[in-house]
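Undergrad: Enclosed is the structure file input05.cif (mmCIF, C-alpha atoms).
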data_final
loop_
_atom_site.label_atom_id
_atom_site.label_comp_id
_atom_site.auth_asym_id
_atom_site.auth_seq_id
_atom_site.Cartn_x
_atom_site.Cartn_y
_atom_site.Cartn_z
CA MET A 1 5.55 -4.83 -31.67
CA VAL A 2 5.25 -3.06 -28.35
CA LYS A 3 1.69 -2.76 -27.11
CA ILE A 4 0.74 0.50 -25.42
CA VAL A 5 -2.37 0.43 -23.26
CA LEU A 6 -4.03 3.65 -22.15
CA SER A 7 -6.45 4.05 -19.28
CA SER A 8 -9.76 5.64 -20.13
CA VAL A 9 -8.79 9.02 -18.72
CA ILE A 10 -5.74 9.15 -21.03
CA ALA A 11 -7.77 7.83 -23.95
CA THR A 12 -9.88 10.98 -23.89
CA ALA A 13 -7.00 12.43 -25.95
CA THR A 14 -7.04 9.58 -28.49
CA ASN A 15 -10.72 9.60 -29.39
CA GLY A 16 -11.17 6.61 -27.13
CA VAL A 17 -8.41 4.45 -28.64
CA LYS A 18 -7.00 2.48 -25.71
CA GLU A 19 -4.49 0.18 -27.37
CA HIS A 20 -1.87 1.03 -29.93
CA ALA A 21 1.07 -1.00 -31.21
CA VAL A 22 4.40 0.61 -32.08
CA SER A 23 7.84 -0.58 -33.08
CA ALA A 24 10.33 1.01 -30.72
CA SER A 25 13.43 0.15 -28.73
CA THR A 26 12.96 2.67 -25.93
CA LEU A 27 9.96 4.04 -24.12
CA ARG A 28 10.72 7.53 -25.36
CA GLU A 29 10.63 6.31 -28.96
CA ALA A 30 7.39 4.48 -28.29
CA LEU A 31 5.79 7.60 -26.82
CA ASP A 32 7.04 9.78 -29.68
CA GLN A 33 5.34 7.45 -32.14
CA LEU A 34 2.21 7.49 -30.04
CA PHE A 35 2.22 11.31 -29.95
CA ALA A 36 2.90 11.46 -33.69
CA THR A 37 -0.22 9.37 -34.24
CA PHE A 38 -2.54 11.08 -31.78
CA GLY A 39 -1.17 14.61 -31.59
CA ASP A 40 -0.36 17.26 -29.02
CA ALA A 41 -3.44 16.75 -26.89
CA LEU A 42 -2.07 13.37 -25.90
CA ARG A 43 1.49 14.66 -25.59
CA ASN A 44 0.33 17.38 -23.20
CA LYS A 45 -1.52 14.86 -21.10
CA VAL A 46 1.47 12.57 -20.71
CA VAL A 47 4.56 14.81 -20.60
CA ASP A 48 5.31 18.38 -19.52
CA ASP A 49 6.89 21.14 -21.62
CA SER A 50 10.34 19.72 -20.92
CA GLY A 51 9.31 16.29 -22.11
CA ASN A 52 9.29 14.75 -18.64
CA LEU A 53 6.55 12.37 -17.54
CA ARG A 54 3.82 14.24 -15.67
CA ARG A 55 4.07 13.58 -11.96
CA LEU A 56 0.59 12.25 -11.48
CA LEU A 57 1.03 9.62 -14.17
CA ASN A 58 2.58 6.21 -13.85
CA ILE A 59 3.91 4.18 -16.73
CA TYR A 60 4.41 0.45 -16.29
CA VAL A 61 6.46 -1.77 -18.57
CA ASN A 62 5.28 -5.34 -18.05
CA GLY A 63 3.95 -4.27 -14.67
CA LYS A 64 7.11 -2.51 -13.51
CA ASN A 65 6.91 1.17 -12.71
CA ILE A 66 9.42 3.00 -14.93
CA ARG A 67 10.47 5.12 -11.93
CA PHE A 68 12.40 1.99 -10.92
CA LEU A 69 13.68 1.32 -14.41
CA ASP A 70 15.28 3.97 -16.60
CA GLN A 71 12.31 6.30 -16.74
CA LEU A 72 11.61 7.32 -20.33
CA ASP A 73 14.94 5.82 -21.41
CA THR A 74 13.75 2.36 -20.40
CA LYS A 75 14.61 -0.11 -23.11
CA LEU A 76 11.78 -2.04 -24.70
CA SER A 77 11.65 -5.41 -26.38
CA GLN A 78 9.13 -6.70 -28.84
CA GLU A 79 6.08 -8.09 -27.01
CA ASP A 80 6.55 -5.66 -24.11
CA GLU A 81 3.40 -4.09 -22.78
CA VAL A 82 3.39 -0.45 -21.72
CA ALA A 83 0.52 0.85 -19.59
CA ILE A 84 -0.14 4.52 -18.88
CA LEU A 85 -2.47 5.60 -16.09
CA PRO A 86 -2.72 8.20 -13.34
CA SER A 87 -1.92 7.52 -9.71
CA VAL A 88 -4.90 8.55 -7.65
CA SER A 89 -4.22 10.23 -4.35
CA GLY A 90 -7.57 11.60 -3.14
CA GLY A 91 -10.07 9.85 -0.99
CA MET B 1 -24.57 -21.24 17.85
CA ILE B 2 -22.66 -18.05 18.34
CA PHE B 3 -25.37 -15.86 16.85
CA THR B 4 -28.41 -14.50 18.61
CA LYS B 5 -31.82 -14.70 17.00
CA GLU B 6 -31.59 -10.99 16.23
CA GLU B 7 -28.21 -11.45 14.55
CA LEU B 8 -29.44 -14.36 12.46
CA GLU B 9 -32.25 -12.16 11.23
CA ARG B 10 -30.05 -9.10 10.78
CA TYR B 11 -27.60 -10.93 8.54
CA SER B 12 -30.09 -13.30 6.89
CA ARG B 13 -29.91 -11.56 3.50
CA GLN B 14 -26.16 -12.14 3.29
CA THR B 15 -25.80 -15.49 5.07
CA VAL B 16 -28.04 -16.92 2.38
CA LEU B 17 -25.29 -16.14 -0.13
CA PRO B 18 -23.11 -19.17 -0.81
CA GLU B 19 -19.94 -17.07 -0.53
CA VAL B 20 -20.86 -15.96 3.00
CA GLY B 21 -23.08 -18.48 4.79
CA LEU B 22 -23.12 -18.84 8.56
CA GLU B 23 -19.51 -19.92 8.59
CA GLY B 24 -18.50 -16.78 6.74
CA GLN B 25 -20.62 -14.65 9.03
CA GLU B 26 -18.78 -16.16 11.98
CA ARG B 27 -15.50 -15.22 10.35
CA LEU B 28 -16.72 -11.66 9.93
CA LYS B 29 -17.80 -11.54 13.55
CA ASP B 30 -14.31 -12.60 14.62
CA ALA B 31 -12.59 -10.19 12.23
CA ARG B 32 -10.74 -6.99 13.05
CA VAL B 33 -10.41 -4.23 10.47
CA SER B 34 -8.80 -0.80 10.60
CA VAL B 35 -10.34 1.84 8.33
CA VAL B 36 -7.74 4.56 8.03
CA GLY B 37 -9.25 7.85 6.92
CA ILE B 38 -12.99 8.36 7.43
CA GLY B 39 -13.60 10.74 4.54
CA GLY B 40 -15.23 10.06 1.19
CA LEU B 41 -13.96 6.49 0.91
CA GLY B 42 -13.82 5.61 4.61
CA CYS B 43 -17.40 6.68 5.28
CA VAL B 44 -18.65 4.19 2.71
CA SER B 45 -16.31 1.33 3.60
CA SER B 46 -16.80 1.65 7.36
CA VAL B 47 -20.59 1.68 6.99
CA GLN B 48 -20.50 -1.42 4.79
CA LEU B 49 -18.11 -3.29 7.09
CA ALA B 50 -20.09 -2.37 10.21
CA ALA B 51 -23.40 -3.27 8.63
CA MET B 52 -22.08 -6.60 7.40
CA GLY B 53 -21.07 -7.49 10.94
CA VAL B 54 -17.28 -7.19 11.06
CA GLY B 55 -16.80 -7.65 14.80
CA TYR B 56 -14.16 -5.02 15.43
CA LEU B 57 -13.60 -1.80 13.53
CA ARG B 58 -10.95 0.80 14.23
CA VAL B 59 -11.70 4.15 12.62
CA VAL B 60 -8.78 6.52 12.26
CA ASP B 61 -8.85 10.17 11.20
CA GLN B 62 -7.23 13.43 12.28
CA ASP B 63 -9.93 15.75 11.02
CA VAL B 64 -13.15 17.40 12.18
CA VAL B 65 -16.34 17.56 10.14
CA ASP B 66 -16.42 20.49 7.71
CA VAL B 67 -19.36 21.72 5.66
CA THR B 68 -17.45 20.90 2.44
CA ASN B 69 -17.45 17.21 3.46
CA LEU B 70 -21.21 16.83 3.57
CA HIS B 71 -21.92 16.25 -0.13
CA ARG B 72 -19.97 12.97 -0.07
CA GLN B 73 -19.20 11.84 3.48
CA TYR B 74 -22.41 10.17 4.50
CA LEU B 75 -21.64 9.50 8.16
CA TYR B 76 -21.85 13.20 8.92
CA ASP B 77 -24.67 15.73 8.85
CA THR B 78 -25.10 19.42 9.45
CA ASP B 79 -25.52 18.97 13.20
CA VAL B 80 -21.98 17.71 13.75
CA LEU B 81 -19.90 20.38 12.02
CA GLY B 82 -16.68 20.84 14.00
CA TYR B 83 -16.90 17.44 15.74
CA PRO B 84 -14.01 14.99 15.39
CA LYS B 85 -14.86 12.65 12.54
CA VAL B 86 -13.86 9.55 14.46
CA GLU B 87 -16.17 10.45 17.32
CA VAL B 88 -19.18 10.88 15.04
CA ALA B 89 -18.25 7.82 13.01
CA GLN B 90 -17.94 5.66 16.11
CA LYS B 91 -21.35 6.79 17.36
CA ARG B 92 -23.10 6.27 14.01
CA LEU B 93 -21.50 2.91 13.32
CA LYS B 94 -22.43 1.66 16.79
CA ALA B 95 -25.99 2.86 16.25
CA LEU B 96 -26.04 1.05 12.91
CA ASN B 97 -24.78 -2.18 14.46
CA PRO B 98 -24.71 -2.36 18.28
CA GLY B 99 -23.32 -5.89 18.08
CA ILE B 100 -19.85 -4.78 16.97
CA LYS B 101 -17.03 -2.94 18.70
CA VAL B 102 -15.82 0.33 17.19
CA ASP B 103 -12.66 2.05 18.40
CA ALA B 104 -12.01 5.69 17.49
CA LEU B 105 -8.45 6.85 16.94
CA PRO B 106 -8.10 10.62 16.38
CA LEU B 107 -4.64 10.44 14.90
CA SER B 108 -2.47 11.90 12.14
CA VAL B 109 -0.96 9.02 10.22
CA THR B 110 2.81 9.23 10.04
CA ARG B 111 5.65 6.72 10.03
CA GLU B 112 5.76 7.12 13.80
CA THR B 113 2.04 6.48 14.36
CA ALA B 114 1.21 3.98 11.62
CA GLY B 115 1.99 1.04 13.90
CA TYR B 116 -0.91 2.03 16.15
CA VAL B 117 -3.24 2.13 13.17
CA VAL B 118 -2.48 -1.35 11.91
CA ARG B 119 -1.81 -3.10 15.22
CA ASP B 120 -3.71 -6.35 15.82
CA VAL B 121 -6.04 -6.15 12.84
CA ASP B 122 -6.63 -8.62 10.04
CA VAL B 123 -6.95 -6.10 7.22
CA VAL B 124 -6.36 -2.36 6.76
CA VAL B 125 -8.75 -0.52 4.43
CA ASP B 126 -7.46 2.72 2.97
CA GLY B 127 -9.55 5.88 3.18
CA LEU B 128 -6.64 8.33 3.13
CA ASP B 129 -6.32 11.27 0.79
CA ARG B 130 -2.55 11.69 0.36
CA PHE B 131 0.39 9.45 -0.50
CA ALA B 132 2.65 10.29 2.46
CA PRO B 133 0.40 8.64 5.07
CA ARG B 134 -0.37 5.82 2.64
CA HIS B 135 3.32 5.01 2.36
CA ALA B 136 3.53 5.01 6.17
CA ILE B 137 0.61 2.57 6.37
CA ASN B 138 2.09 0.44 3.58
CA GLU B 139 5.37 0.17 5.47
CA ALA B 140 3.63 -0.67 8.75
CA CYS B 141 1.50 -3.31 7.03
CA VAL B 142 4.57 -4.89 5.43
CA GLN B 143 6.38 -4.81 8.76
CA HIS B 144 3.47 -6.40 10.65
CA ASP B 145 2.43 -8.71 7.78
CA ILE B 146 -1.10 -7.29 7.47
CA PRO B 147 -3.01 -7.10 4.18
CA TYR B 148 -3.69 -3.54 3.02
CA VAL B 149 -6.40 -2.62 0.52
CA TYR B 150 -5.19 0.58 -1.14
CA GLY B 151 -7.85 2.85 -2.61
CA GLY B 152 -7.83 6.38 -3.96
CA ALA B 153 -10.37 8.50 -5.79
CA LEU B 154 -10.49 11.92 -7.39
CA THR B 155 -12.76 13.68 -9.86
CA SER B 156 -14.50 10.74 -11.56
CA TYR B 157 -11.86 8.04 -11.30
CA GLY B 158 -10.03 5.92 -8.78
CA ASN B 159 -7.59 3.11 -8.03
CA VAL B 160 -7.71 -0.04 -5.94
CA SER B 161 -5.04 -2.64 -5.30
CA THR B 162 -4.82 -5.37 -2.67
CA ILE B 163 -1.45 -5.70 -1.04
CA ILE B 164 -0.49 -8.88 0.79
CA PRO B 165 2.95 -8.51 2.35
CA GLY B 166 5.47 -11.03 1.12
CA ARG B 167 3.24 -12.16 -1.72
CA THR B 168 2.32 -9.17 -3.85
CA ALA B 169 3.56 -5.84 -5.04
CA CYS B 170 3.30 -3.28 -2.23
CA LEU B 171 2.32 0.37 -2.65
CA GLU B 172 5.98 1.35 -3.01
CA CYS B 173 6.46 -1.21 -5.81
CA ILE B 174 3.36 0.13 -7.54
CA MET B 175 3.66 3.87 -7.10
CA GLY B 176 7.23 4.58 -6.01
CA GLU B 177 7.97 7.79 -4.23
CA VAL B 178 5.11 9.96 -5.36
CA HIS B 179 5.18 13.22 -3.44
CA ASP B 180 1.95 14.94 -2.62
CA GLU B 181 3.05 18.49 -3.36
CA GLY B 182 1.40 19.78 -6.50
CA LEU B 183 -0.83 16.75 -7.01
CA PRO B 184 -4.51 17.51 -7.55
CA THR B 185 -6.70 17.17 -4.45
CA CYS B 186 -10.43 17.03 -3.74
CA GLU B 187 -10.22 20.75 -3.06
CA THR B 188 -8.47 21.71 -6.29
CA ALA B 189 -9.84 19.12 -8.72
CA GLY B 190 -13.10 18.12 -7.06
CA VAL B 191 -14.68 14.72 -6.65
CA PHE B 192 -17.85 13.25 -8.12
CA PRO B 193 -19.35 11.45 -5.10
CA PRO B 194 -20.50 8.24 -6.83
CA ILE B 195 -16.88 7.30 -7.64
CA LEU B 196 -16.21 7.15 -3.89
CA SER B 197 -18.94 4.58 -3.31
CA MET B 198 -17.70 2.58 -6.26
CA ILE B 199 -14.06 2.51 -5.16
CA ALA B 200 -14.91 1.93 -1.49
CA SER B 201 -17.28 -0.91 -2.41
CA ILE B 202 -14.54 -2.60 -4.42
CA GLN B 203 -12.18 -2.18 -1.47
CA VAL B 204 -14.77 -3.75 0.84
CA ARG B 205 -15.21 -6.60 -1.62
CA GLU B 206 -11.49 -7.30 -1.44
CA ALA B 207 -11.30 -6.91 2.35
CA VAL B 208 -14.32 -9.13 2.99
CA TYR B 209 -13.01 -11.82 0.65
CA LEU B 210 -9.76 -11.80 2.60
CA LEU B 211 -11.68 -12.09 5.87
CA LEU B 212 -13.72 -14.96 4.46
CA GLY B 213 -10.52 -16.77 3.54
CA LYS B 214 -11.16 -16.37 -0.17
CA GLU B 215 -8.75 -15.08 -2.77
CA PRO B 216 -8.99 -11.36 -3.45
CA LEU B 217 -8.94 -10.39 -7.13
CA LEU B 218 -6.76 -7.31 -7.08
CA THR B 219 -3.45 -8.75 -5.93
CA ASN B 220 -0.63 -7.74 -8.26
CA ARG B 221 -3.23 -5.79 -10.17
CA LEU B 222 -4.05 -2.11 -10.12
CA LEU B 223 -7.68 -1.38 -10.81
CA PHE B 224 -8.57 1.86 -12.54
CA ALA B 225 -12.25 2.77 -12.39
CA ASP B 226 -13.76 5.70 -14.24
CA ILE B 227 -17.38 6.41 -13.41
CA HIS B 228 -17.60 9.14 -16.04
CA GLU B 229 -16.87 6.62 -18.80
CA LEU B 230 -18.25 3.66 -16.81
CA GLU B 231 -14.99 1.83 -17.33
CA LEU B 232 -13.30 -0.72 -15.10
CA GLU B 233 -9.77 -1.58 -16.16
CA THR B 234 -7.07 -3.63 -14.46
CA PHE B 235 -3.35 -3.41 -15.06
CA ASN B 236 -0.77 -5.95 -13.95
CA VAL B 237 1.83 -4.77 -11.47
CA VAL B 238 4.74 -6.80 -10.18
CA ARG B 239 6.57 -7.02 -6.89
CA ARG B 240 10.11 -5.68 -6.94
CA PRO B 241 12.58 -8.01 -5.22
CA THR B 242 14.66 -4.93 -4.43
CA CYS B 243 11.78 -2.78 -3.16
CA SER B 244 12.96 -0.60 -0.29
CA THR B 245 9.78 -1.43 1.61
CA CYS B 246 8.88 -5.05 0.88
CA GLY B 247 11.99 -6.45 -0.79
CA THR B 248 15.17 -7.90 0.56
CA PRO B 249 16.95 -5.06 2.33
CA LEU B 250 19.28 -3.08 0.22
CA ILE B 251 22.45 -1.46 1.19
CA GLU B 252 22.02 1.38 -1.28
CA ALA B 253 21.70 4.86 0.13
CA LYS B 254 19.01 3.81 2.54
CA LEU B 255 21.32 2.42 5.17
CA PHE B 256 23.96 5.03 5.74
CA ALA B 257 25.05 5.40 9.34
CA SER B 258 22.78 8.41 9.70
CA ASP B 259 19.81 6.12 9.09
CA LEU B 260 20.81 3.92 11.98
CA LYS B 261 20.35 4.15 15.72
CA ILE B 262 22.98 2.60 17.92
CA ALA B 263 22.78 1.83 21.61
CA GLN B 264 25.12 0.11 24.02
CA LEU B 265 23.32 -2.57 25.96
CA CYS B 266 23.79 -3.59 29.58
CA GLY B 267 25.84 -6.63 28.68
CA LYS B 268 29.53 -6.06 28.33
CA ASN B 269 30.61 -5.11 24.82
CA SER B 270 27.09 -5.45 23.40
CA TYR B 271 25.53 -3.03 20.95
CA MET B 272 22.13 -2.83 19.28
CA VAL B 273 22.15 -1.23 15.84
CA SER B 274 18.72 -0.59 14.34
CA PRO B 275 17.45 1.18 11.24
CA LYS B 276 15.32 4.21 12.10
CA ILE B 277 12.67 2.80 9.80
CA PRO B 278 12.27 -0.92 10.42
CA LEU B 279 12.99 -3.19 7.47
CA ALA B 280 11.11 -6.30 6.46
CA LEU B 281 13.92 -8.71 5.68
CA ASP B 282 13.40 -11.85 3.67
CA LEU B 283 15.01 -14.17 6.20
CA ASP B 284 15.19 -17.11 3.82
CA ARG B 285 17.39 -15.17 1.46
CA ALA B 286 19.28 -13.57 4.33
CA ALA B 287 19.99 -16.99 5.90
CA ALA B 288 21.34 -18.27 2.60
CA SER B 289 23.73 -15.32 2.23
CA ILE B 290 24.78 -15.29 5.86
CA GLY B 291 25.26 -19.05 5.97
CA SER B 292 27.67 -18.96 3.04
CA THR B 293 29.92 -16.42 4.77
CA PHE B 294 29.48 -16.89 8.51
CA LYS B 295 28.68 -19.77 10.83
CA LEU B 296 24.91 -19.72 11.21
CA ARG B 297 23.84 -20.93 14.67
CA VAL B 298 20.12 -20.15 14.90
CA ARG B 299 17.57 -19.79 12.10
CA ALA B 300 14.35 -18.66 13.80
CA ALA B 301 11.17 -17.18 12.38
CA PHE B 302 12.05 -13.64 13.38
CA GLY B 303 15.82 -13.63 13.31
CA LEU B 304 19.18 -15.29 12.75
CA THR B 305 22.12 -15.71 15.10
CA PHE B 306 25.56 -16.41 13.73
CA ASP B 307 29.28 -16.17 14.54
CA TYR B 308 30.67 -13.11 12.85
CA SER B 309 34.16 -14.06 14.05
CA GLU B 310 35.61 -16.17 16.81
CA ASP B 311 34.80 -13.48 19.38
CA VAL B 312 31.86 -11.66 17.87
CA SER B 313 28.31 -12.99 17.78
CA VAL B 314 25.55 -11.32 15.79
CA SER B 315 21.78 -11.65 15.93
CA LEU B 316 19.94 -10.14 12.97
CA MET B 317 16.19 -9.59 13.30
CA LYS B 318 13.61 -9.45 10.51
CA THR B 319 13.28 -5.72 11.19
CA GLY B 320 16.96 -5.08 10.46
CA ASN B 321 17.81 -4.73 14.16
CA MET B 322 21.22 -6.21 14.88
CA LEU B 323 22.47 -7.24 18.30
CA ILE B 324 26.25 -7.44 18.22
CA LYS B 325 28.14 -9.01 21.10
CA GLY B 326 31.87 -8.96 21.66
CA ILE B 327 32.94 -5.60 20.29
CA GLU B 328 34.32 -2.62 22.09
CA SER B 329 33.04 0.50 20.32
CA GLU B 330 30.18 2.02 18.33
CA GLU B 331 32.48 2.42 15.36
CA LYS B 332 33.19 -1.31 15.35
CA ALA B 333 29.49 -2.05 15.70
CA LEU B 334 28.71 0.05 12.65
CA GLU B 335 31.49 -1.69 10.72
CA VAL B 336 29.98 -5.06 11.59
CA TYR B 337 26.50 -3.85 10.62
CA ASP B 338 27.75 -2.56 7.31
CA ARG B 339 29.63 -5.73 6.46
CA VAL B 340 26.73 -8.00 7.39
CA MET B 341 24.24 -5.99 5.36
CA LYS B 342 26.61 -6.05 2.40
CA THR B 343 26.87 -9.83 2.83
CA LEU B 344 23.13 -10.04 2.36
CA GLY B 345 24.16 -9.38 -1.14
CA SER B 346 23.68 -7.16 -3.99
CA PRO B 347 20.07 -7.77 -4.69
CA GLN B 348 19.00 -9.24 -7.94
CA ASP B 349 18.16 -6.62 -10.46
CA ASP B 350 14.51 -6.26 -11.19
#
What would the structure in this file look like if it were written as structure tokens?

TA:
Amino acid sequence: MVKIVLSSVIATATNGVKEHAVSASTLREALDQLFATFGDALRNKVVDDSGNLRRLLNIYVNGKNIRFLDQLDTKLSQEDEVAILPSVSGG
Amino acid sequence: MIFTKEELERYSRQTVLPEVGLEGQERLKDARVSVVGIGGLGCVSSVQLAAMGVGYLRVVDQDVVDVTNLHRQYLYDTDVLGYPKVEVAQKRLKALNPGIKVDALPLSVTRETAGYVVRDVDVVVDGLDRFAPRHAINEACVQHDIPYVYGGALTSYGNVSTIIPGRTACLECIMGEVHDEGLPTCETAGVFPPILSMIASIQVREAVYLLLGKEPLLTNRLLFADIHELELETFNVVRRPTCSTCGTPLIEAKLFASDLKIAQLCGKNSYMVSPKIPLALDLDRAAASIGSTFKLRVRAAFGLTFDYSEDVSVSLMKTGNMLIKGIESEEKALEVYDRVMKTLGSPQDD
């Protein structure tokens, strides 16, 4: 199973659930399963109307930013860990 | 004893801590830190670093004090509206601790100026509010081999990561090219002041541990703190061997001829080709690649010299600068540059 870990600010759309396991071979599949479980509030937080990752979010697969992999088409293996959190610019 | 009686008393509540002690206090006194951005984060971190006795602080900011800063930027008060932040910060920090030196640098941080910000310091602490200057600082820190404690905060949450060039993921590895346009800012999204103290305190923890010669905790980790939920989470991040900032140099699109400067040197048939943005080459890997193709003559800490051909000698610096001797035109120089950089090899895939 692929483990998806959500930061607290994303987990506001999952009633506080911060870890969820899915069976998926790509990141897009994994997210679709996640959205199917937790609904549109989560979908809207993570992707825009065109289905692209929102710009202020980063997704890491085993610590690698998917911007350097194949974005949402990044292939996943069992045991992979996917983390979703915002990049924070202010200061 | 390098401390005066007043200093021993001033720092007595921290020198009693086993992790500091007098030896640690001496390290702090000898330390040099640049706090870049003296806003919500930088006000807190610079006060903590000054109060703890870091011997040299450089405070960097381009801005003047505005009334909208006052709810969260504790170095400034109503009397100094319109004053340069660095000027006020320098004065207040010196008043807080007259035993330290504080330099004020009223500067906009860009790729061109970042070298001045990070020059000759032991650690850079981030107090910036946008990614563009952060990437400039990240690159300068990688180039000059200076640890950089990234921090950001907005609304009720924030990030921290400790970047040690050559050892850990850098900001580019972690964030990639995030552009600032359209991202929420303090002005549009707001900021809950306590998150700033929390993030800045964690940054100071990391910076001080580095100065004390202890291991920081947030290397190859991205901390996410949420003061609304009172959550502290850490996520693993990994260094990219092919990172355009901290990895082995890539040929990719980054090194087209338009990204290079070329100059003929005084010596006959000598050219210097240099990337407009300095690289941070991994010379161990470069030496291995070069040595398998060309005759390597010198393997020094900052560069390699080798025979490109019978008549052409090349010196390649860590920064990507290449001195080429024995060629007759710029075109040839660029050909040599291109071939050598390709020899460095297709980088390993991540």

Undergrad: What gap, in Å, lies between atom CA of B:Arg72 and atom CA of B:Gly40?

TA: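 Those two atoms sit 5.7 Å apart.
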
Undergrad: Go through A:Leu6, A:Leu34, A:Ala21, A:Leu72 and flag the residue nearest chain B, using all atoms listed in the file for the distances.

TA: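 Ranking A:Leu6, A:Leu34, A:Ala21, A:Leu72 by distance to chain B, first place goes to A:Leu6.
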
Undergrad: Please identify every residue of chain B that has at least one atom no more than 7 Å from any atom of chain A, counting all atoms listed in the file, and report them as a PDB file with C-alpha atoms, in the coordinates of the input.

TA:
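Ended up saving to iface_26.pdb:
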ATOM      1  CA  GLY B  39     -13.600  10.740   4.540  1.00  0.00           C
ATOM      2  CA  GLY B  40     -15.230  10.060   1.190  1.00  0.00           C
ATOM      3  CA  LEU B  41     -13.960   6.490   0.910  1.00  0.00           C
ATOM      4  CA  GLY B 127      -9.550   5.880   3.180  1.00  0.00           C
ATOM      5  CA  LEU B 128      -6.640   8.330   3.130  1.00  0.00           C
ATOM      6  CA  ASP B 129      -6.320  11.270   0.790  1.00  0.00           C
ATOM      7  CA  ARG B 130      -2.550  11.690   0.360  1.00  0.00           C
ATOM      8  CA  PHE B 131       0.390   9.450  -0.500  1.00  0.00           C
ATOM      9  CA  GLY B 152      -7.830   6.380  -3.960  1.00  0.00           C
ATOM     10  CA  ALA B 153     -10.370   8.500  -5.790  1.00  0.00           C
ATOM     11  CA  LEU B 154     -10.490  11.920  -7.390  1.00  0.00           C
ATOM     12  CA  GLY B 158     -10.030   5.920  -8.780  1.00  0.00           C
ATOM     13  CA  ASN B 159      -7.590   3.110  -8.030  1.00  0.00           C
ATOM     14  CA  ILE B 174       3.360   0.130  -7.540  1.00  0.00           C
ATOM     15  CA  GLY B 176       7.230   4.580  -6.010  1.00  0.00           C
ATOM     16  CA  LEU B 183      -0.830  16.750  -7.010  1.00  0.00           C
ATOM     17  CA  THR B 185      -6.700  17.170  -4.450  1.00  0.00           C
ATOM     18  CA  CYS B 186     -10.430  17.030  -3.740  1.00  0.00           C
ATOM     19  CA  ASN B 236      -0.770  -5.950 -13.950  1.00  0.00           C
ATOM     20  CA  VAL B 237       1.830  -4.770 -11.470  1.00  0.00           C
ATOM     21  CA  VAL B 238       4.740  -6.800 -10.180  1.00  0.00           C
TER      22      VAL B 238
END

Undergrad: Could you state which residues are captured by the PyMOL selection byres ((chain B and resi 291) around 12) in this file, as a ChimeraX atom specification?

TA: /B:283-290,292-299,304-308,340,343-344

Undergrad: For B:Asp180, which residue among B:Lys214, B:His135, B:His228, B:Arg221 is the nearest when counting all atoms listed in the file?

TA: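 Closest candidate: B:His135.
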
Undergrad: Is there a way to complete stretch 283-295 of chain B with N, CA and C atoms and then write that out as a compact mmCIF listing (two decimals), in the coordinates of the input?

TA:
# COMPACT_ATOMS: atom_id res chain seq x y z
N LEU B 283 14.04 -13.41 5.42
CA LEU B 283 15.01 -14.17 6.20
C LEU B 283 15.51 -15.42 5.48
N ASP B 284 14.71 -15.95 4.57
CA ASP B 284 15.19 -17.11 3.82
C ASP B 284 16.41 -16.74 2.99
N ARG B 285 16.26 -15.61 2.29
CA ARG B 285 17.39 -15.17 1.46
C ARG B 285 18.55 -14.72 2.32
N ALA B 286 18.22 -14.04 3.43
CA ALA B 286 19.28 -13.57 4.33
C ALA B 286 20.05 -14.75 4.89
N ALA B 287 19.33 -15.82 5.30
CA ALA B 287 19.99 -16.99 5.90
C ALA B 287 20.93 -17.64 4.88
N ALA B 288 20.50 -17.66 3.63
CA ALA B 288 21.34 -18.27 2.60
C ALA B 288 22.65 -17.48 2.44
N SER B 289 22.53 -16.16 2.40
CA SER B 289 23.73 -15.32 2.23
C SER B 289 24.62 -15.40 3.45
N ILE B 290 24.00 -15.29 4.62
CA ILE B 290 24.78 -15.29 5.86
C ILE B 290 25.48 -16.65 6.03
N GLY B 291 24.72 -17.71 5.76
CA GLY B 291 25.26 -19.05 5.97
C GLY B 291 26.45 -19.36 5.09
N SER B 292 26.55 -18.69 3.93
CA SER B 292 27.67 -18.96 3.04
C SER B 292 28.92 -18.19 3.46
N THR B 293 28.76 -17.22 4.36
CA THR B 293 29.92 -16.42 4.77
C THR B 293 30.29 -16.64 6.24
N PHE B 294 29.24 -16.77 7.07
CA PHE B 294 29.48 -16.89 8.51
C PHE B 294 28.91 -18.23 9.00
N LYS B 295 29.21 -18.53 10.26
CA LYS B 295 28.68 -19.77 10.83
C LYS B 295 27.31 -19.49 11.44
